[in-house]
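Remarks on the structure that follows.
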Amino acid sequence: MVLFQPHRDGRNMASYDIAAIEAKWQDRWEAAALARVGEESDRPKFYNLQMYPYPSGELHMGHLRNYTYTDLLSRYKTMRGYNVLAPMGWDSFGLPAENAAIKTGIHPRDFTESRIVKMKEQLRRLGNVYDWDREVACHRPDYYRWTQWLFIRFFNEGLAYKKDAPVNWCPQDQTVLANEQVINGECERCGSVVIKRNLSQWFFKITDYAQRLLDDLDMLDAWPDRVRTMQRNWIGRSEGAQFSMAVTERPGISIDVYTTRPDTSFGMTFVVLAPEHPLVTDLTVGTEYEEPVAAFVAQVSKVSEVDRLAGSEDKRGLFLGVHATNPVNGAQMPIYIADYVLMGYGTGAIMAVPGQDQRDWDFATEHGIDIIRTVEPPPDFDGEAYTGDGVAINSDFLNGLDMAEAKAKIIDWFEEQGTGERTVQFRLRDWLISRQRYWGCPIPIVNCASCGAVPVPDDQLPVLLPDVDNYKPEGKSPLAAVDSFVNTTCPSCGGPATRETDTMDTFVDSSWYFLRYTDARNETEPFGRANADYWMAIDQYIGGVEHAILHLLYARFFTKVLHDLGHVSVEEPFSALFTQGMIVKDGAKMSKSKGNVVSPDRYYERYGADAIRLYELFIGPATDDAIWNDNGVEGTSRFLDRIWRMGTGDLGTLVERDVTAADNEIVKVVHRTVKKVTKDIDRFAFNTAVAALMECSNALASWMRSDDGGNRAVFADVYPMMLKLLAPMAPHMTHELWERIGHSTILATVPWPEWDEALVTVASVTLVVQVNGKVRDRIEVPVGISDDDATEAALASPKIQAILAGAEPRRVIARPPKIVNVVI
RNA sequence: GCGGACGUAGCCGAAUUUGGUAUAGGCGCCAGACUUAGGAUCUGGUGUGCGAAAGCACAUGUGGGUUCGAGUCCCACCGUCCGCACCA
């Protein structure tokens, strides 16, 4: 198919000069400062935000979908009477610019700035309006100064700390990663298998907020359930008990274990330590077990998490030669190490109850350990370990109790004995934020031999990112090679000291950018509280579901900390969240690396920004992935074409006349459309909103093209309503038409149309008459018809009479005014 | 393995409120009009089967069920997608 031929006469609006008219209105909106807003307004505020993008330079059709949604919403809410904040900025630190620098030698700053210029042009070309006075770019010193300032507040509160720990290391990107950035043992960015390394790293103490981050999810009822579920699972709260057990052969040594099933304690037949558990060495040193155990531990440490999980059916482990005493019955139980127990969760040691836990069952079977059931399985149970609820058996004083009762009783018993207690565990770990890479925000800490880690004083911020000769990371940050950066004096004692050379995870930058938008040019603080309190929380946040955990969890954490420190009133940043679907082509997400991008350039020339926007809205349900179809823009372009010709007198005929039935009908159609489009936009059903407008324009066109033509006065009444409905979707053409039909105000500032409910509710409707559930006739009835009247009308229908053939119906179900079902 | 969502014309999809006219809208396709021409525009058609037509029957992944009535609710199965996956 030949798609992009220059158009000839007629088609695509000879009188509509796409390039000139779109440029004209983009200039007008800018000149009118359409999206520039302040904090003083008698209108209610609406903070409309899209997740700020990494400035990649080239936008494709997949990106445009999201930008279209945001701009549609800004324009719609403005017409609905809100003071709309629609800012834009750049998540401009990060690896692509740095990797490009390694390849080409171009400074990441230059690379990034040039791409920002490009992206702004492309957003303008789409017709999007933003308050550019509030633009932020996290790589610029006037932004990261405040990222550093906030880091220091976290540090002073004990919420930022450095510790030596086994951490995730991506060998490809040469940097550590947060747990959230490791997906199935692979680097979230590049897919390399992540390995564990022991390194000293900076963490944010997000675990202090685990309970609140979990609890407050309940308030976020305008978030997708699946995102809330993912966060709940990630935080991973569990309730249980922690207790300690004496090691029989080593007086004075005891092992702490955490369990969610203390009710099964009588079924415990062995104890397992994680390979990395600190007691492993103590328990085996100088024994015959020392050497094989050390070999096992060494082997496990070399294996990546992926491989460790890959063999999870086999429960590899070794006996340590020592025993523990079961505190509930004094039983002697062997102590093992095994790689299925993780050091990072709970106490790194477990009580193993093979009767009630499948992993323990597998291990016990492989190592010939006793299995005792302590919960009665149902009679038809044919599995191995039974993990369900049931009556306690073989459990002394717990016998006969159900799971919940037994749990409560045994925990009370532990607490009375002083050997254990009720505890809560979270799966969430602290957020590892340091990165051994160049293109990020420097950590504002100075290490002094006598004073330790000292924060850089506020008046010395920002700690500027120095220029470097070599961007290539080699196990440590490229900053470490810059002596003039590293060597400094201690802000506390004035002695010689060295700077931190790691930079921050770019998710730190994006954890507060939405607050900076509220007061982006503030030079004395990250943002003023009054401004933040005026705009926050964000009324609508739009972004990809891939951030369900990462960004959205971190940003919630930051907001809570800043709330606690008195910087902002809200505790949750995003009141409503919308996660849009992707654009798919050739079976894959549209992306540069997949080589399946559709560039909008040719479409801009051929069809214009409005047709592209409209197709992005029409392509399918906003939440779902949608398959790109080259012909789709053709369809929305034809629709716009009709709208244009209608407004320019190039379609049908309009006559002066008294109002006819057809005229009245068209008014109703338009009012119904106003209602439908309004409700659809409110529920993000953009595809059906566009469909409704198409239907309406089809009706309008047939009316104007009918032999009687259209009524000029009626047209003058309803056509502008159509333009208003279309204004947020196809702003350029509608603005031009609005001006041409004689308005001097800018359409974007005109109030949204209202529908007349009396015109929407129809006086008579089609009543469906069924016989035995099958449609047999349709009759026109008044809306308010009674059950009896509807029944009578249905039975009076000649078609029904014919089917009944004189017989009496057995039953008649009347649900007027929709349906009457005659049962014979 | 566990949990969740979904499955509707040739394709993308609609059916919001409470179970009540299934297939709106678009793409594509077929025929016609205008035309030197059509890939513009306009008109008509377009689930399947039978029928000249009116109409009838059958169609929402498959098989059951509830109901006067099921795309919608319930059960089982098949398929697609997503999340979680040694978290004690």
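Convention: chains lettered A, B, ... in structure tokens order; per-chain residue numbering from 1; ligands numbered from 1 as shown.
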
**Asked** Skipping near chain neighbours, those fewer than 4 positions away, what residues fall within 12 Å of U80 (chain B) using only C-alpha atoms (C1' of nucleotides), listed as number ranges by chain?
**Response** B: 5-7, 61

Please save N, CA and C atoms (P, O5', C5', C4', C3', O3' and C1' of nucleotides) of the selected residues as a PDB file, in the first residue's frame.
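In the end it all went to out-v8.pdb:
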```pdb
ATOM      1  P     A B   5      -9.948 -11.719  38.977  1.00  0.00           P
ATOM      2  O5'   A B   5      -9.422 -11.096  37.611  1.00  0.00           O
ATOM      3  C5'   A B   5      -9.351  -9.687  37.447  1.00  0.00           C
ATOM      4  C4'   A B   5      -8.687  -9.368  36.136  1.00  0.00           C
ATOM      5  C3'   A B   5      -9.431  -9.845  34.902  1.00  0.00           C
ATOM      6  O3'   A B   5     -10.485  -8.978  34.531  1.00  0.00           O
ATOM      7  C1'   A B   5      -7.164 -10.447  34.709  1.00  0.00           C
ATOM      8  P     C B   6     -11.867  -9.610  33.972  1.00  0.00           P
ATOM      9  O5'   C B   6     -11.434 -10.067  32.499  1.00  0.00           O
ATOM     10  C5'   C B   6     -11.110  -9.098  31.515  1.00  0.00           C
ATOM     11  C4'   C B   6     -10.308  -9.722  30.417  1.00  0.00           C
ATOM     12  C3'   C B   6     -11.054 -10.679  29.503  1.00  0.00           C
ATOM     13  O3'   C B   6     -11.825  -9.999  28.543  1.00  0.00           O
ATOM     14  C1'   C B   6      -8.961 -11.606  30.069  1.00  0.00           C
ATOM     15  P     G B   7     -13.133 -10.737  27.891  1.00  0.00           P
ATOM     16  O5'   G B   7     -12.456 -11.752  26.869  1.00  0.00           O
ATOM     17  C5'   G B   7     -11.664 -11.261  25.785  1.00  0.00           C
ATOM     18  C4'   G B   7     -11.191 -12.427  24.937  1.00  0.00           C
ATOM     19  C3'   G B   7     -12.310 -13.170  24.217  1.00  0.00           C
ATOM     20  O3'   G B   7     -11.896 -13.547  22.915  1.00  0.00           O
ATOM     21  C1'   G B   7     -11.123 -14.661  25.636  1.00  0.00           C
ATOM     22  P     G B  61     -16.449 -16.184  24.256  1.00  0.00           P
ATOM     23  O5'   G B  61     -15.949 -17.538  23.583  1.00  0.00           O
ATOM     24  C5'   G B  61     -15.166 -17.512  22.394  1.00  0.00           C
ATOM     25  C4'   G B  61     -14.357 -18.767  22.303  1.00  0.00           C
ATOM     26  C3'   G B  61     -15.076 -20.018  22.787  1.00  0.00           C
ATOM     27  O3'   G B  61     -15.854 -20.589  21.749  1.00  0.00           O
ATOM     28  C1'   G B  61     -12.951 -19.887  23.804  1.00  0.00           C
TER      29        G B  61
END
```

| task | Could you please tell me, as a list in words, which residues of chain A have an atom within 7 Å of chain B when using only C-alpha atoms (C1' of nucleotides)? | result | Asp9, Gly10, Arg11, Thr259, Thr260, Ser312, Tyr340, Tyr345, Ile350, Arg427, Gly620, Asn631, Gly632, Gly635, Ala691, Met694, Glu695, Val768, Asn772, Gly773, Ile813, Lys818, Ile819, Asn821 and Val823 of chain A

Requested write-out: N, CA, C and O atoms of the selected residues, as an mmCIF file, in the first residue's frame:
```
data_model
loop_
_atom_site.group_PDB
_atom_site.id
_atom_site.type_symbol
_atom_site.label_atom_id
_atom_site.label_comp_id
_atom_site.auth_asym_id
_atom_site.auth_seq_id
_atom_site.Cartn_x
_atom_site.Cartn_y
_atom_site.Cartn_z
ATOM 1 N N ASP A 9 -7.057 17.135 -4.724
ATOM 2 C CA ASP A 9 -8.195 17.979 -4.351
ATOM 3 C C ASP A 9 -9.183 17.269 -3.438
ATOM 4 O O ASP A 9 -9.269 16.053 -3.434
ATOM 5 N N GLY A 10 -9.932 18.016 -2.717
ATOM 6 C CA GLY A 10 -11.019 17.453 -1.924
ATOM 7 C C GLY A 10 -10.531 16.816 -0.639
ATOM 8 O O GLY A 10 -10.706 17.363 0.436
ATOM 9 N N ARG A 11 -9.897 15.672 -0.760
ATOM 10 C CA ARG A 11 -9.467 14.892 0.388
ATOM 11 C C ARG A 11 -8.562 15.707 1.292
ATOM 12 O O ARG A 11 -7.702 16.458 0.836
ATOM 13 N N THR A 259 9.258 -17.611 62.984
ATOM 14 C CA THR A 259 8.294 -18.472 62.309
ATOM 15 C C THR A 259 6.920 -17.829 62.275
ATOM 16 O O THR A 259 6.545 -17.096 63.197
ATOM 17 N N THR A 260 6.191 -18.091 61.198
ATOM 18 C CA THR A 260 4.789 -17.650 61.161
ATOM 19 C C THR A 260 3.883 -18.762 61.666
ATOM 20 O O THR A 260 2.677 -18.574 61.778
ATOM 21 N N SER A 312 15.888 -25.174 42.942
ATOM 22 C CA SER A 312 15.185 -25.078 44.223
ATOM 23 C C SER A 312 14.438 -26.351 44.603
ATOM 24 O O SER A 312 14.021 -26.507 45.741
ATOM 25 N N TYR A 340 18.423 -23.141 51.038
ATOM 26 C CA TYR A 340 17.054 -22.657 50.881
ATOM 27 C C TYR A 340 16.657 -21.716 52.004
ATOM 28 O O TYR A 340 15.584 -21.111 51.957
ATOM 29 N N TYR A 345 16.335 -12.635 55.440
ATOM 30 C CA TYR A 345 14.960 -12.570 55.941
ATOM 31 C C TYR A 345 14.878 -13.165 57.338
ATOM 32 O O TYR A 345 15.516 -14.188 57.623
ATOM 33 N N ILE A 350 15.834 -21.115 60.676
ATOM 34 C CA ILE A 350 14.436 -21.528 60.786
ATOM 35 C C ILE A 350 14.282 -22.765 61.658
ATOM 36 O O ILE A 350 15.206 -23.563 61.813
ATOM 37 N N ARG A 427 9.213 -8.171 54.377
ATOM 38 C CA ARG A 427 10.089 -8.620 53.314
ATOM 39 C C ARG A 427 10.906 -7.452 52.765
ATOM 40 O O ARG A 427 11.989 -7.617 52.222
ATOM 41 N N GLY A 620 -7.791 2.118 21.527
ATOM 42 C CA GLY A 620 -8.296 1.038 22.364
ATOM 43 C C GLY A 620 -8.428 1.520 23.793
ATOM 44 O O GLY A 620 -8.138 2.680 24.076
ATOM 45 N N ASN A 631 -3.381 2.234 9.310
ATOM 46 C CA ASN A 631 -4.568 2.824 8.703
ATOM 47 C C ASN A 631 -5.453 3.573 9.693
ATOM 48 O O ASN A 631 -6.393 4.235 9.297
ATOM 49 N N GLY A 632 -5.151 3.404 10.964
ATOM 50 C CA GLY A 632 -6.018 3.997 11.980
ATOM 51 C C GLY A 632 -6.068 5.512 11.892
ATOM 52 O O GLY A 632 -7.134 6.118 12.033
ATOM 53 N N GLY A 635 -8.518 6.916 9.559
ATOM 54 C CA GLY A 635 -9.896 6.982 10.041
ATOM 55 C C GLY A 635 -10.186 8.242 10.833
ATOM 56 O O GLY A 635 -11.193 8.922 10.594
ATOM 57 N N ALA A 691 -15.511 7.551 19.807
ATOM 58 C CA ALA A 691 -16.543 6.844 19.032
ATOM 59 C C ALA A 691 -17.867 7.594 19.091
ATOM 60 O O ALA A 691 -18.569 7.710 18.083
ATOM 61 N N MET A 694 -17.727 10.524 16.844
ATOM 62 C CA MET A 694 -17.847 10.099 15.440
ATOM 63 C C MET A 694 -19.307 9.826 15.095
ATOM 64 O O MET A 694 -19.807 10.242 14.046
ATOM 65 N N GLU A 695 -19.984 9.152 16.001
ATOM 66 C CA GLU A 695 -21.390 8.844 15.781
ATOM 67 C C GLU A 695 -22.182 10.134 15.639
ATOM 68 O O GLU A 695 -23.040 10.271 14.774
ATOM 69 N N VAL A 768 -38.825 -3.907 23.959
ATOM 70 C CA VAL A 768 -38.595 -5.189 23.290
ATOM 71 C C VAL A 768 -39.577 -6.206 23.843
ATOM 72 O O VAL A 768 -39.729 -6.340 25.053
ATOM 73 N N ASN A 772 -40.575 -16.343 25.216
ATOM 74 C CA ASN A 772 -39.611 -17.334 25.715
ATOM 75 C C ASN A 772 -38.162 -16.861 25.549
ATOM 76 O O ASN A 772 -37.284 -17.622 25.168
ATOM 77 N N GLY A 773 -37.961 -15.563 25.828
ATOM 78 C CA GLY A 773 -36.597 -15.058 25.813
ATOM 79 C C GLY A 773 -36.066 -14.701 24.442
ATOM 80 O O GLY A 773 -34.919 -14.301 24.305
ATOM 81 N N ILE A 813 -43.329 -11.502 32.215
ATOM 82 C CA ILE A 813 -42.413 -10.697 33.020
ATOM 83 C C ILE A 813 -42.256 -9.347 32.345
ATOM 84 O O ILE A 813 -41.797 -9.269 31.206
ATOM 85 N N LYS A 818 -38.003 -1.291 29.178
ATOM 86 C CA LYS A 818 -37.043 -1.970 28.306
ATOM 87 C C LYS A 818 -37.598 -3.234 27.657
ATOM 88 O O LYS A 818 -37.405 -3.456 26.475
ATOM 89 N N ILE A 819 -38.264 -4.043 28.473
ATOM 90 C CA ILE A 819 -38.518 -5.374 27.970
ATOM 91 C C ILE A 819 -39.765 -6.003 28.592
ATOM 92 O O ILE A 819 -40.110 -5.742 29.743
ATOM 93 N N ASN A 821 -41.226 -9.995 28.625
ATOM 94 C CA ASN A 821 -40.969 -11.368 28.195
ATOM 95 C C ASN A 821 -42.224 -12.202 28.435
ATOM 96 O O ASN A 821 -42.699 -12.318 29.558
ATOM 97 N N VAL A 823 -43.935 -15.746 28.463
ATOM 98 C CA VAL A 823 -43.574 -17.161 28.549
ATOM 99 C C VAL A 823 -44.783 -18.008 28.201
ATOM 100 O O VAL A 823 -45.864 -17.830 28.777
#
```

Practice prompt. Please provide as a ChimeraX atom specification all residues within 10 Å of region 335-338 of chain A, with the sequence filter that same-chain residues fewer than 3 positions apart are discarded (counting only C-alpha atoms (C1' of nucleotides)).
Written response: /A:247,255,269-277,280,283,293,296-297,300,315-324,332,341-342,349-352,363

Export N, CA, C and O atoms of the chosen residues as a short mmCIF file (atom, residue, chain, number, x, y, z; two decimals), in the first residue's frame?
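Generated file (out-v9.cif):
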```cif
data_model
loop_
_atom_site.label_atom_id
_atom_site.label_comp_id
_atom_site.auth_asym_id
_atom_site.auth_seq_id
_atom_site.Cartn_x
_atom_site.Cartn_y
_atom_site.Cartn_z
N VAL A 247 21.90 -24.52 71.94
CA VAL A 247 22.65 -25.55 71.22
C VAL A 247 23.22 -26.50 72.27
O VAL A 247 23.98 -26.09 73.15
N ILE A 255 20.31 -20.24 69.20
CA ILE A 255 19.92 -19.86 67.84
C ILE A 255 18.54 -19.23 67.88
O ILE A 255 17.60 -19.82 68.43
N THR A 269 11.47 -30.95 63.75
CA THR A 269 12.38 -32.09 63.88
C THR A 269 13.82 -31.75 63.50
O THR A 269 14.71 -32.58 63.64
N PHE A 270 14.07 -30.54 62.99
CA PHE A 270 15.44 -30.09 62.76
C PHE A 270 15.47 -28.57 62.66
O PHE A 270 14.41 -27.92 62.65
N VAL A 271 16.68 -28.04 62.63
CA VAL A 271 16.88 -26.59 62.58
C VAL A 271 17.82 -26.32 61.41
O VAL A 271 18.74 -27.11 61.16
N VAL A 272 17.55 -25.22 60.67
CA VAL A 272 18.41 -24.91 59.52
C VAL A 272 18.92 -23.47 59.59
O VAL A 272 18.16 -22.54 59.85
N LEU A 273 20.21 -23.33 59.38
CA LEU A 273 20.82 -22.01 59.29
C LEU A 273 21.10 -21.68 57.83
O LEU A 273 21.39 -22.58 57.03
N ALA A 274 21.03 -20.38 57.51
CA ALA A 274 21.45 -19.94 56.18
C ALA A 274 22.96 -20.11 56.09
O ALA A 274 23.66 -20.01 57.09
N PRO A 275 23.47 -20.35 54.89
CA PRO A 275 24.92 -20.53 54.73
C PRO A 275 25.72 -19.33 55.25
O PRO A 275 26.83 -19.50 55.73
N GLU A 276 25.14 -18.14 55.12
CA GLU A 276 25.87 -16.93 55.54
C GLU A 276 25.68 -16.64 57.03
O GLU A 276 26.15 -15.62 57.53
N HIS A 277 24.99 -17.52 57.76
CA HIS A 277 24.70 -17.24 59.17
C HIS A 277 25.98 -17.16 59.98
O HIS A 277 26.86 -18.01 59.86
N VAL A 280 27.56 -20.23 61.87
CA VAL A 280 28.01 -21.43 61.15
C VAL A 280 29.46 -21.75 61.49
O VAL A 280 29.81 -22.88 61.82
N LEU A 283 30.03 -22.89 65.20
CA LEU A 283 29.53 -24.22 65.52
C LEU A 283 30.38 -25.33 64.93
O LEU A 283 30.33 -26.47 65.39
N VAL A 293 31.76 -28.03 55.45
CA VAL A 293 30.81 -26.92 55.58
C VAL A 293 31.37 -25.66 54.92
O VAL A 293 30.67 -24.96 54.18
N PHE A 296 31.02 -25.94 51.29
CA PHE A 296 29.63 -25.74 50.89
C PHE A 296 29.28 -24.24 50.86
O PHE A 296 28.70 -23.75 49.89
N VAL A 297 29.69 -23.55 51.91
CA VAL A 297 29.40 -22.11 52.00
C VAL A 297 30.07 -21.37 50.85
O VAL A 297 29.45 -20.52 50.19
N VAL A 300 28.14 -22.01 47.62
CA VAL A 300 26.88 -21.29 47.57
C VAL A 300 27.11 -19.81 47.26
O VAL A 300 26.39 -19.20 46.47
N LYS A 315 16.98 -29.79 47.82
CA LYS A 315 17.29 -29.04 49.04
C LYS A 315 18.69 -29.42 49.49
O LYS A 315 18.88 -30.38 50.21
N ARG A 316 19.67 -28.64 48.97
CA ARG A 316 21.06 -28.93 49.30
C ARG A 316 21.38 -28.46 50.70
O ARG A 316 20.97 -27.35 51.08
N GLY A 317 22.10 -29.28 51.46
CA GLY A 317 22.47 -28.87 52.81
C GLY A 317 23.38 -29.88 53.48
O GLY A 317 23.58 -30.98 52.97
N LEU A 318 23.90 -29.47 54.63
CA LEU A 318 24.83 -30.33 55.38
C LEU A 318 24.51 -30.28 56.87
O LEU A 318 24.13 -29.24 57.40
N PHE A 319 24.73 -31.43 57.53
CA PHE A 319 24.60 -31.50 58.99
C PHE A 319 25.82 -30.83 59.61
O PHE A 319 26.94 -31.00 59.13
N LEU A 320 25.60 -30.08 60.71
CA LEU A 320 26.71 -29.34 61.33
C LEU A 320 27.33 -30.10 62.50
O LEU A 320 28.25 -29.61 63.15
N GLY A 321 26.77 -31.28 62.84
CA GLY A 321 27.34 -32.06 63.92
C GLY A 321 26.88 -31.65 65.30
O GLY A 321 27.37 -32.15 66.31
N VAL A 322 25.95 -30.72 65.37
CA VAL A 322 25.45 -30.27 66.68
C VAL A 322 23.92 -30.31 66.69
O VAL A 322 23.29 -30.46 65.65
N HIS A 323 23.35 -30.17 67.90
CA HIS A 323 21.90 -30.28 68.06
C HIS A 323 21.33 -29.11 68.84
O HIS A 323 22.04 -28.47 69.59
N ALA A 324 20.06 -28.88 68.65
CA ALA A 324 19.37 -27.85 69.43
C ALA A 324 18.25 -28.51 70.22
O ALA A 324 17.77 -29.59 69.84
N GLN A 332 15.74 -33.36 71.08
CA GLN A 332 17.04 -33.01 70.50
C GLN A 332 16.92 -33.05 68.97
O GLN A 332 16.50 -34.07 68.41
N VAL A 341 17.53 -21.55 52.95
CA VAL A 341 17.28 -20.56 54.00
C VAL A 341 18.12 -19.32 53.69
O VAL A 341 19.31 -19.42 53.38
N LEU A 342 17.45 -18.17 53.72
CA LEU A 342 18.08 -16.92 53.30
C LEU A 342 18.49 -16.09 54.50
O LEU A 342 17.72 -15.91 55.45
N ALA A 349 17.65 -18.08 60.24
CA ALA A 349 17.60 -19.46 60.75
C ALA A 349 16.14 -19.84 60.91
O ALA A 349 15.30 -19.00 61.22
N ILE A 350 15.83 -21.12 60.68
CA ILE A 350 14.44 -21.53 60.79
C ILE A 350 14.28 -22.77 61.66
O ILE A 350 15.21 -23.56 61.81
N MET A 351 13.09 -22.87 62.22
CA MET A 351 12.69 -24.14 62.80
C MET A 351 12.04 -24.91 61.65
O MET A 351 11.21 -24.38 60.94
N ALA A 352 12.46 -26.15 61.45
CA ALA A 352 11.95 -26.88 60.30
C ALA A 352 10.87 -27.86 60.76
O ALA A 352 11.08 -28.66 61.67
N PHE A 363 13.40 -31.42 52.29
CA PHE A 363 14.72 -31.55 52.91
C PHE A 363 14.77 -32.78 53.81
O PHE A 363 15.74 -33.55 53.80
#
```

Practice prompt. Write out as a VMD selection string each polymer residue whose atoms come within 6 Å of region 140-157 of chain A, counting only C-alpha atoms (C1' of nucleotides); drop sequence neighbours fewer than 6 positions from it.
Written response: chain A and resid 444 461 to 462 526

Taking N, CA and C atoms for each residue, export the selection above as a PDB file, in the first residue's frame.
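The resulting out.pdb:
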```pdb
ATOM      1  N   PRO A 444      26.504  13.982  49.207  1.00  0.00           N
ATOM      2  CA  PRO A 444      27.168  15.143  49.834  1.00  0.00           C
ATOM      3  C   PRO A 444      27.751  14.812  51.213  1.00  0.00           C
ATOM      4  N   LEU A 461      26.525  23.664  49.384  1.00  0.00           N
ATOM      5  CA  LEU A 461      25.832  22.899  48.352  1.00  0.00           C
ATOM      6  C   LEU A 461      25.612  23.806  47.133  1.00  0.00           C
ATOM      7  N   PRO A 462      25.545  23.250  45.943  1.00  0.00           N
ATOM      8  CA  PRO A 462      25.674  21.824  45.666  1.00  0.00           C
ATOM      9  C   PRO A 462      27.116  21.343  45.632  1.00  0.00           C
ATOM     10  N   PRO A 526      14.125  23.585  48.887  1.00  0.00           N
ATOM     11  CA  PRO A 526      13.691  22.733  47.759  1.00  0.00           C
ATOM     12  C   PRO A 526      12.312  23.139  47.249  1.00  0.00           C
TER      13      PRO A 526
END
```

Neighbours of Leu64 (chain A) within 10 Å (only C-alpha atoms (C1' of nucleotides); same-chain residues fewer than 2 positions away dropped), as a ChimeraX atom specification? /A:59-62,66-70,122-123,126,583,600,612-613,616

Give me a file of those residues, with C-alpha atoms, as an mmCIF file, in the first residue's frame.
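Written file, part33.cif:
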```
data_model
loop_
_atom_site.group_PDB
_atom_site.id
_atom_site.type_symbol
_atom_site.label_atom_id
_atom_site.label_comp_id
_atom_site.auth_asym_id
_atom_site.auth_seq_id
_atom_site.Cartn_x
_atom_site.Cartn_y
_atom_site.Cartn_z
ATOM 1 C CA LEU A 59 9.419 10.314 20.577
ATOM 2 C CA HIS A 60 7.536 7.516 18.909
ATOM 3 C CA MET A 61 3.843 6.667 18.705
ATOM 4 C CA GLY A 62 4.054 4.720 21.964
ATOM 5 C CA ASN A 66 0.765 9.021 27.206
ATOM 6 C CA TYR A 67 1.456 12.630 26.326
ATOM 7 C CA THR A 68 -1.895 12.845 24.585
ATOM 8 C CA TYR A 69 -3.701 11.568 27.674
ATOM 9 C CA THR A 70 -2.047 14.100 29.941
ATOM 10 C CA GLN A 122 8.269 17.351 19.766
ATOM 11 C CA LEU A 123 5.883 17.955 22.658
ATOM 12 C CA LEU A 126 1.881 17.429 19.397
ATOM 13 C CA ILE A 583 1.649 0.514 21.992
ATOM 14 C CA PRO A 600 5.260 10.405 13.995
ATOM 15 C CA ILE A 612 -2.542 11.527 15.544
ATOM 16 C CA ARG A 613 -3.852 12.561 18.947
ATOM 17 C CA GLU A 616 -3.973 7.589 20.059
#
```

Open item on the list: Which residues are near Ala713 (chain A)? Cut-off 9 Å, only C-alpha atoms (C1' of nucleotides), ignore same chain within fewer than 4 positions. Put them as a ChimeraX atom specification.
Closed with: /A:654-657,659,717-718

Residues of the last selection are to be written out with N, CA and C atoms, as a compact mmCIF listing (two decimals), in the first residue's frame.
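Ended up saving to result10.txt:
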```
# COMPACT_ATOMS: atom_id res chain seq x y z
N LEU A 654 -27.52 24.28 4.82
CA LEU A 654 -28.22 24.82 5.99
C LEU A 654 -29.27 25.79 5.49
N VAL A 655 -30.46 25.69 6.08
CA VAL A 655 -31.55 26.57 5.63
C VAL A 655 -32.19 27.26 6.82
N GLU A 656 -32.77 28.43 6.54
CA GLU A 656 -33.55 29.13 7.57
C GLU A 656 -34.94 28.53 7.55
N ARG A 657 -35.39 28.05 8.68
CA ARG A 657 -36.73 27.45 8.71
C ARG A 657 -37.16 27.27 10.15
N VAL A 659 -38.29 25.04 13.33
CA VAL A 659 -37.68 23.82 13.82
C VAL A 659 -38.54 22.60 13.49
N ASP A 717 -26.26 26.42 17.10
CA ASP A 717 -26.35 26.10 18.52
C ASP A 717 -25.52 24.86 18.88
N VAL A 718 -25.63 23.82 18.05
CA VAL A 718 -25.01 22.55 18.43
C VAL A 718 -23.57 22.37 17.93
```

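Residues of region 470-557 of chain A that DSSP places in strand (DSSP E or B), based on the backbone of this structure, are Asn487, Thr488, Thr489, Pro496, Ala497, Thr498, Arg499, Thr503, Met504, Ile538, Gln540, Tyr541, Ile542 and Gly543 of chain A.
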
Identify all residues of region 159-383 of chain A in alpha helix (DSSP H) (DSSP on the backbone) and supply them as a PyMOL selection string. chain A and resi 210-215+225-235+279-284+290-302+305-310+358-367

List as a PyMOL selection string the protein and nucleic acid residues near region 410-414 of chain A, meaning an atom at most 10 Å away when only C-alpha atoms (C1' of nucleotides) are counted, but skip any in the same chain fewer than 5 places from it. chain A and resi 240-244+261-265+327-328+397-398+405+419-423

CA of Leu464 (chain A) to CA of Trp439 (chain A) measures 11.5 Å

From CA of Asn128 (chain A) to CA of Pro87 (chain A) the spacing works out at 10.8 Å
